[in-house]
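Take a look at the structure below.
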Amino acid sequence: MATLKVLDRPYPAKNKEQAQALQKQVSRPQQPRRTALEEEPPPQSPEIEKALLCALLYRPAEAFPMFKQNGTPELFFSKIHRGWFDQMERFYADRGRLDPVEFIQHILDHPDVFDPLGGRVYYVTELQAIFPPTEMIPYYCEDLREKHLRRQILVRSFHNAKIASNGGDVAQLLSKMQRDLQAYNRVSVSNTLSDASVCLNGHMPPIPPEIIHGVLHQGSKMVVGGTSKGRKTMALIDLAVSVATGSDWWGFRTKQGPVCYINFEIQDSFFWFRVDQVCRAKGITIEAGQLLAWNLRGRATAIENLHDEIVSVLSVRPFVLDIIDPIYKALGDRDENRAGDVAGMLNQVERIAVDTGAAIAFGAHYSKGNQSTKEHMDRIGGSGVFSRDPDSIMTMTANEEEDCFTVDATLRNFPPPKPFVVRWDWPIFHRDYEVDPGKLKKVGSPETQFEAKYSVEMLVERLAVQQGTTIKDLKKHCDEDTGMSKATFYRLLQQGLSEGSITQDENKELFRA
């Protein structure tokens, strides 16, 4: 019986020329063109990253100090692993412990945070299978450091090649390559043990330049603390102009260099108006390329979401000083009163300083109340991390003399200067040597302040315009317009309801009586 054969290809051609012609008619699918960086996956060690997370989760008291001594969060290649590290660190900082059962419950209570980080509880159970000894953490960190350095070299070299091929300025490119080399050196030697016999015999690491003489080094962080609406932004704009031109700031000499002002709050036109006013008052002109502003009004978010973009933009020029204003706009969903949240944000600020080599300055507002009775570092509001983390802390407190402020400084790398006074004279502060810095403005009792500054009539006046508003909306408007605290608002609201000048309907909406 004949067998029927089914062929999966056509019959062969009778001659070679015919076969070649048929082969040309069959088009092969085109492969997408790949760049040099896509040929192979970037250097990474995902299993070691998981092992580190496991050690941190199940032995936090030993693992966190050892990790901080040998590594940094930026060594994690996986954004998911870095996200889990940030959440563990924040949980541990807030509670002083990291119990896996509590942490799993925390994960279940916050699906919006943990679902994007890879499976919530499933991920924790996956880590249970690894369980490495904490003694391996230094070796794990060293492996991740090497991979991180290799990635940095690949990415930066590819970026430099693009600049060179696209006709970029050679001088700027060489300057960028020099900064890249410094960044490689910082990554390769960070957290490694240093031998005194080497460092004290002609090989001591060089001390970075002083951007503000006697106050701030390049690569360090500085906070300027003051009251809400206390002209901190004007002080920071004056600082930016001073460094950009090499002129004095508050009586301190500065080292001239390019400055970038990251502005989260002020509209573009008003920002440049203020810069112009400061320049006129100081009688100076800013040269091209010395002061650049990055206006991000409306784009405020958690600073880690902007980290890569910020570093990419700031790497274009060798900035010596970057100013972030206001810093609370970079908190994202963090709470400024929680130490872990603020520490996490300031760690991101420190990463920017390390990655760019520039000093970072920002402003922070005071807490409410009488500041004259507090130590100057305790006057800054929110978590105490704001007044402990920066290398240079400058606080401005109202003086008895009108329009004058006493400036106190706590400096990590310099001897502290004696308190001094600056006098406000639009648009800048001038050092005033005649006023006694010890005479801080005394504020009256809380009851006196309450009666003098705020009253029930302020709420009633707003209700005359906004009849039928919710408590939440009325509180928001009072806070934005007058800076009224939450406690004061509810005290006045209760007083108004009690005396009948404010009424509330069945829908909980407020009306003027």
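Naming scheme: A, B, ... for chains in displayed order of the structure tokens; residues 1 onward per chain; ligands 1 onward as shown.
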Per residue of range 338-438 of chain A within 10 Å of range 258-263 of chain A, record the nearest atom pair and its distance in Å to one decimal, counting only C-alpha atoms, with rows in chain order and ascending residue number, as a tab-separated table.
```
residue	atom	partner	partner_atom	distance
A:Ala358	CA	A:Val259	CA	9.0
A:Ala359	CA	A:Val259	CA	9.6
A:Ile360	CA	A:Cys260	CA	9.8
A:Ala361	CA	A:Tyr261	CA	9.5
A:Phe362	CA	A:Ile262	CA	9.8
```
Margin query: Please extract the residues of range 129-225 of chain A with a backbone DSSP assignment of helix (DSSP H, G or I) and present them as a PyMOL selection string.
Written below: chain A and resi 134-165+170-189+196-199
Note to self: Which residues are close to range 63-65 of chain A, i.e. within 12 Å by only C-alpha atoms, leaving aside same-chain residues fewer than 6 positions away? Reply as a PyMOL selection string.
What the structure shows: chain A and resi 51-57+71-73+85-86+88-90+92-93+96-98+131-138+140-141
Notebook entry, point to check: If you count only C-alpha atoms, which residues fall within 8 Å of range 390-399 of chain A, apart from same-chain ones fewer than 3 positions away, as an MDAnalysis selection string?
Noted result: chainID A and resid 215:216 220:227 371:372 376:377 386:387 402:413 437 439:441
Quick one: write out the picked residues with C-alpha atoms as an mmCIF file, in the first residue's frame?
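What ended up in out.cif:
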```
data_model
loop_
_atom_site.group_PDB
_atom_site.id
_atom_site.type_symbol
_atom_site.label_atom_id
_atom_site.label_comp_id
_atom_site.auth_asym_id
_atom_site.auth_seq_id
_atom_site.Cartn_x
_atom_site.Cartn_y
_atom_site.Cartn_z
ATOM 1 C CA VAL A 215 30.802 77.814 56.631
ATOM 2 C CA LEU A 216 30.325 75.368 53.736
ATOM 3 C CA SER A 220 28.430 69.297 51.836
ATOM 4 C CA LYS A 221 24.844 70.129 52.840
ATOM 5 C CA MET A 222 23.553 73.322 54.449
ATOM 6 C CA VAL A 223 20.157 74.304 55.872
ATOM 7 C CA VAL A 224 18.970 77.875 56.502
ATOM 8 C CA GLY A 225 16.197 77.847 59.121
ATOM 9 C CA GLY A 226 13.725 80.654 59.721
ATOM 10 C CA THR A 227 10.091 81.512 60.392
ATOM 11 C CA GLN A 371 11.571 80.600 69.535
ATOM 12 C CA SER A 372 13.586 82.759 71.938
ATOM 13 C CA HIS A 376 18.711 77.479 67.981
ATOM 14 C CA MET A 377 18.934 73.955 66.497
ATOM 15 C CA PHE A 386 16.424 68.556 59.766
ATOM 16 C CA SER A 387 18.682 70.086 62.410
ATOM 17 C CA GLU A 402 13.001 95.871 64.155
ATOM 18 C CA ASP A 403 13.783 94.040 60.854
ATOM 19 C CA CYS A 404 16.796 92.364 62.471
ATOM 20 C CA PHE A 405 17.530 88.662 62.929
ATOM 21 C CA THR A 406 20.096 86.881 65.055
ATOM 22 C CA VAL A 407 22.002 84.235 63.101
ATOM 23 C CA ASP A 408 23.374 81.193 64.940
ATOM 24 C CA ALA A 409 25.528 78.560 63.249
ATOM 25 C CA THR A 410 26.379 74.946 64.046
ATOM 26 C CA LEU A 411 29.054 73.620 61.695
ATOM 27 C CA ARG A 412 30.358 70.066 61.384
ATOM 28 C CA ASN A 413 33.634 70.894 59.645
ATOM 29 C CA PRO A 437 22.672 89.302 68.843
ATOM 30 C CA LYS A 439 18.565 90.256 72.491
ATOM 31 C CA LEU A 440 16.070 87.896 70.895
ATOM 32 C CA LYS A 441 12.542 89.090 70.445
#
```
Margin query: When you look at range 275-288 of chain A with a cut-off of 7 Å (counting only C-alpha atoms), what residues show up, excluding the ones that are within fewer than 4 positions of it in the same chain? I need them as a list in words.
Written below: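 Those residues are Ile237, Asp238, Ala244, Thr245, Phe271, Pro427 and Ile428 of chain A.
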Please provide as a short mmCIF file (atom, residue, chain, number, x, y, z; two decimals) with N, CA and C atoms, in the first residue's frame all residues within 12 Å of Glu309 in chain A, with the sequence filter that same-chain residues fewer than 4 positions apart are discarded (counting only C-alpha atoms).
```cif
data_model
loop_
_atom_site.label_atom_id
_atom_site.label_comp_id
_atom_site.auth_asym_id
_atom_site.auth_seq_id
_atom_site.Cartn_x
_atom_site.Cartn_y
_atom_site.Cartn_z
N TRP A 294 16.33 76.13 37.47
CA TRP A 294 15.50 75.04 36.95
C TRP A 294 14.15 75.19 37.65
N LEU A 296 10.62 74.28 38.52
CA LEU A 296 9.82 73.05 38.53
C LEU A 296 8.50 73.25 39.25
N ILE A 303 11.65 63.32 46.10
CA ILE A 303 12.90 63.67 45.43
C ILE A 303 13.54 62.47 44.73
N GLU A 304 13.29 61.24 45.24
CA GLU A 304 13.89 60.08 44.56
C GLU A 304 13.31 59.88 43.17
N ASN A 305 12.08 60.39 42.93
CA ASN A 305 11.49 60.29 41.60
C ASN A 305 12.16 61.22 40.61
N VAL A 313 20.70 66.53 34.63
CA VAL A 313 20.73 67.96 34.29
C VAL A 313 21.93 68.65 34.94
N LEU A 314 22.19 68.33 36.22
CA LEU A 314 23.27 69.02 36.92
C LEU A 314 24.65 68.57 36.46
N SER A 315 24.73 67.44 35.75
CA SER A 315 26.02 66.96 35.26
C SER A 315 26.48 67.69 34.00
N VAL A 316 25.60 68.53 33.44
CA VAL A 316 25.95 69.24 32.22
C VAL A 316 27.06 70.25 32.47
N ILE A 352 22.51 63.24 45.73
CA ILE A 352 22.68 64.25 44.68
C ILE A 352 24.01 64.98 44.89
N ASP A 355 26.72 62.50 43.82
CA ASP A 355 26.73 62.22 42.39
C ASP A 355 27.15 63.43 41.56
N THR A 356 26.90 64.64 42.05
CA THR A 356 27.25 65.84 41.28
C THR A 356 28.53 66.52 41.79
#
```
Notebook entry, point to check: Which of range 261-446 of chain A counts as strand (DSSP E or B) under DSSP, as a ChimeraX atom specification please?
Noted result: /A:261-263,291-295,321-325,359-366,380,392-399,404-411,420-425,428-432,440
Notebook entry, point to check: From the set A:Gln152, A:Thr301, A:Lys68, A:Gly438, which residue has the shortest atom-to-atom contact distance to Val421 in chain A, counting only C-alpha atoms?
Noted result: A:Gly438
Next item on the list: Would you please work out which residue, of A:Gly344, A:Pro326, A:Gly230, A:Gly468, is nearest to Tyr366 in chain A when using only C-alpha atoms?
Entry: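 Nearest candidate to Tyr366 in chain A out of A:Gly344, A:Pro326, A:Gly230, A:Gly468: A:Gly230.
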Check: What's the 12 Å shell around range 169-178 of chain A, counting only C-alpha atoms, without same-chain residues fewer than 6 positions away, as a ChimeraX atom specification?
Finding: /A:153,156-163,184-185,289,312,314-319,356-357
Export of the given selection (N, CA and C atoms) as a compact mmCIF listing (two decimals), in the first residue's frame:
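Dumped everything to result.txt:
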```txt
# COMPACT_ATOMS: atom_id res chain seq x y z
N ILE A 153 30.47 53.37 34.72
CA ILE A 153 31.44 53.55 33.63
C ILE A 153 30.76 53.37 32.28
N ARG A 156 28.08 56.45 31.71
CA ARG A 156 28.73 57.75 31.51
C ARG A 156 29.57 57.76 30.25
N SER A 157 30.26 56.66 29.95
CA SER A 157 31.07 56.60 28.73
C SER A 157 30.21 56.68 27.49
N PHE A 158 29.06 55.98 27.51
CA PHE A 158 28.15 56.04 26.38
C PHE A 158 27.60 57.45 26.19
N HIS A 159 27.28 58.12 27.31
CA HIS A 159 26.78 59.49 27.24
C HIS A 159 27.85 60.44 26.69
N ASN A 160 29.09 60.27 27.15
CA ASN A 160 30.19 61.11 26.65
C ASN A 160 30.43 60.88 25.17
N ALA A 161 30.31 59.63 24.73
CA ALA A 161 30.49 59.33 23.31
C ALA A 161 29.42 60.02 22.46
N LYS A 162 28.19 60.07 22.97
CA LYS A 162 27.12 60.75 22.24
C LYS A 162 27.40 62.24 22.12
N ILE A 163 27.89 62.84 23.23
CA ILE A 163 28.21 64.28 23.21
C ILE A 163 29.30 64.55 22.19
N TYR A 184 33.84 58.05 39.83
CA TYR A 184 34.28 56.66 39.87
C TYR A 184 35.14 56.41 41.11
N ASN A 185 36.04 57.35 41.39
CA ASN A 185 36.92 57.18 42.55
C ASN A 185 36.14 57.17 43.85
N GLY A 289 26.14 81.79 32.11
CA GLY A 289 26.46 80.44 32.55
C GLY A 289 26.79 80.30 34.02
N SER A 312 21.21 64.10 35.97
CA SER A 312 21.50 64.23 34.53
C SER A 312 21.62 65.70 34.14
N LEU A 314 22.19 68.33 36.22
CA LEU A 314 23.27 69.02 36.92
C LEU A 314 24.65 68.57 36.46
N SER A 315 24.73 67.44 35.75
CA SER A 315 26.02 66.96 35.26
C SER A 315 26.48 67.69 34.00
N VAL A 316 25.60 68.53 33.44
CA VAL A 316 25.95 69.24 32.22
C VAL A 316 27.06 70.25 32.47
N ARG A 317 27.04 70.87 33.66
CA ARG A 317 28.04 71.88 34.00
C ARG A 317 28.66 71.54 35.36
N PRO A 318 29.87 72.01 35.63
CA PRO A 318 30.51 71.74 36.93
C PRO A 318 30.00 72.68 38.02
N PHE A 319 28.72 72.53 38.41
CA PHE A 319 28.15 73.39 39.45
C PHE A 319 28.88 73.17 40.78
N THR A 356 26.90 64.64 42.05
CA THR A 356 27.25 65.84 41.28
C THR A 356 28.53 66.52 41.79
N GLY A 357 28.93 66.24 43.04
CA GLY A 357 30.11 66.89 43.60
C GLY A 357 29.87 68.32 44.05
```
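One distance worth recording is that between CA of Tyr328 in chain A and CA of Ile212 in chain A, which is 23.9 Å.
The residue that comes closest to Trp249 in chain A, out of A:Ile104, A:Ile471, A:Ala487, A:Val422 and on the basis of only C-alpha atoms, is A:Val422.
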Margin query: Nearest residue to Val320 in chain A out of A:Lys147, A:Arg512, A:His217, A:Arg423, using only C-alpha atoms?
Written below: A:His217
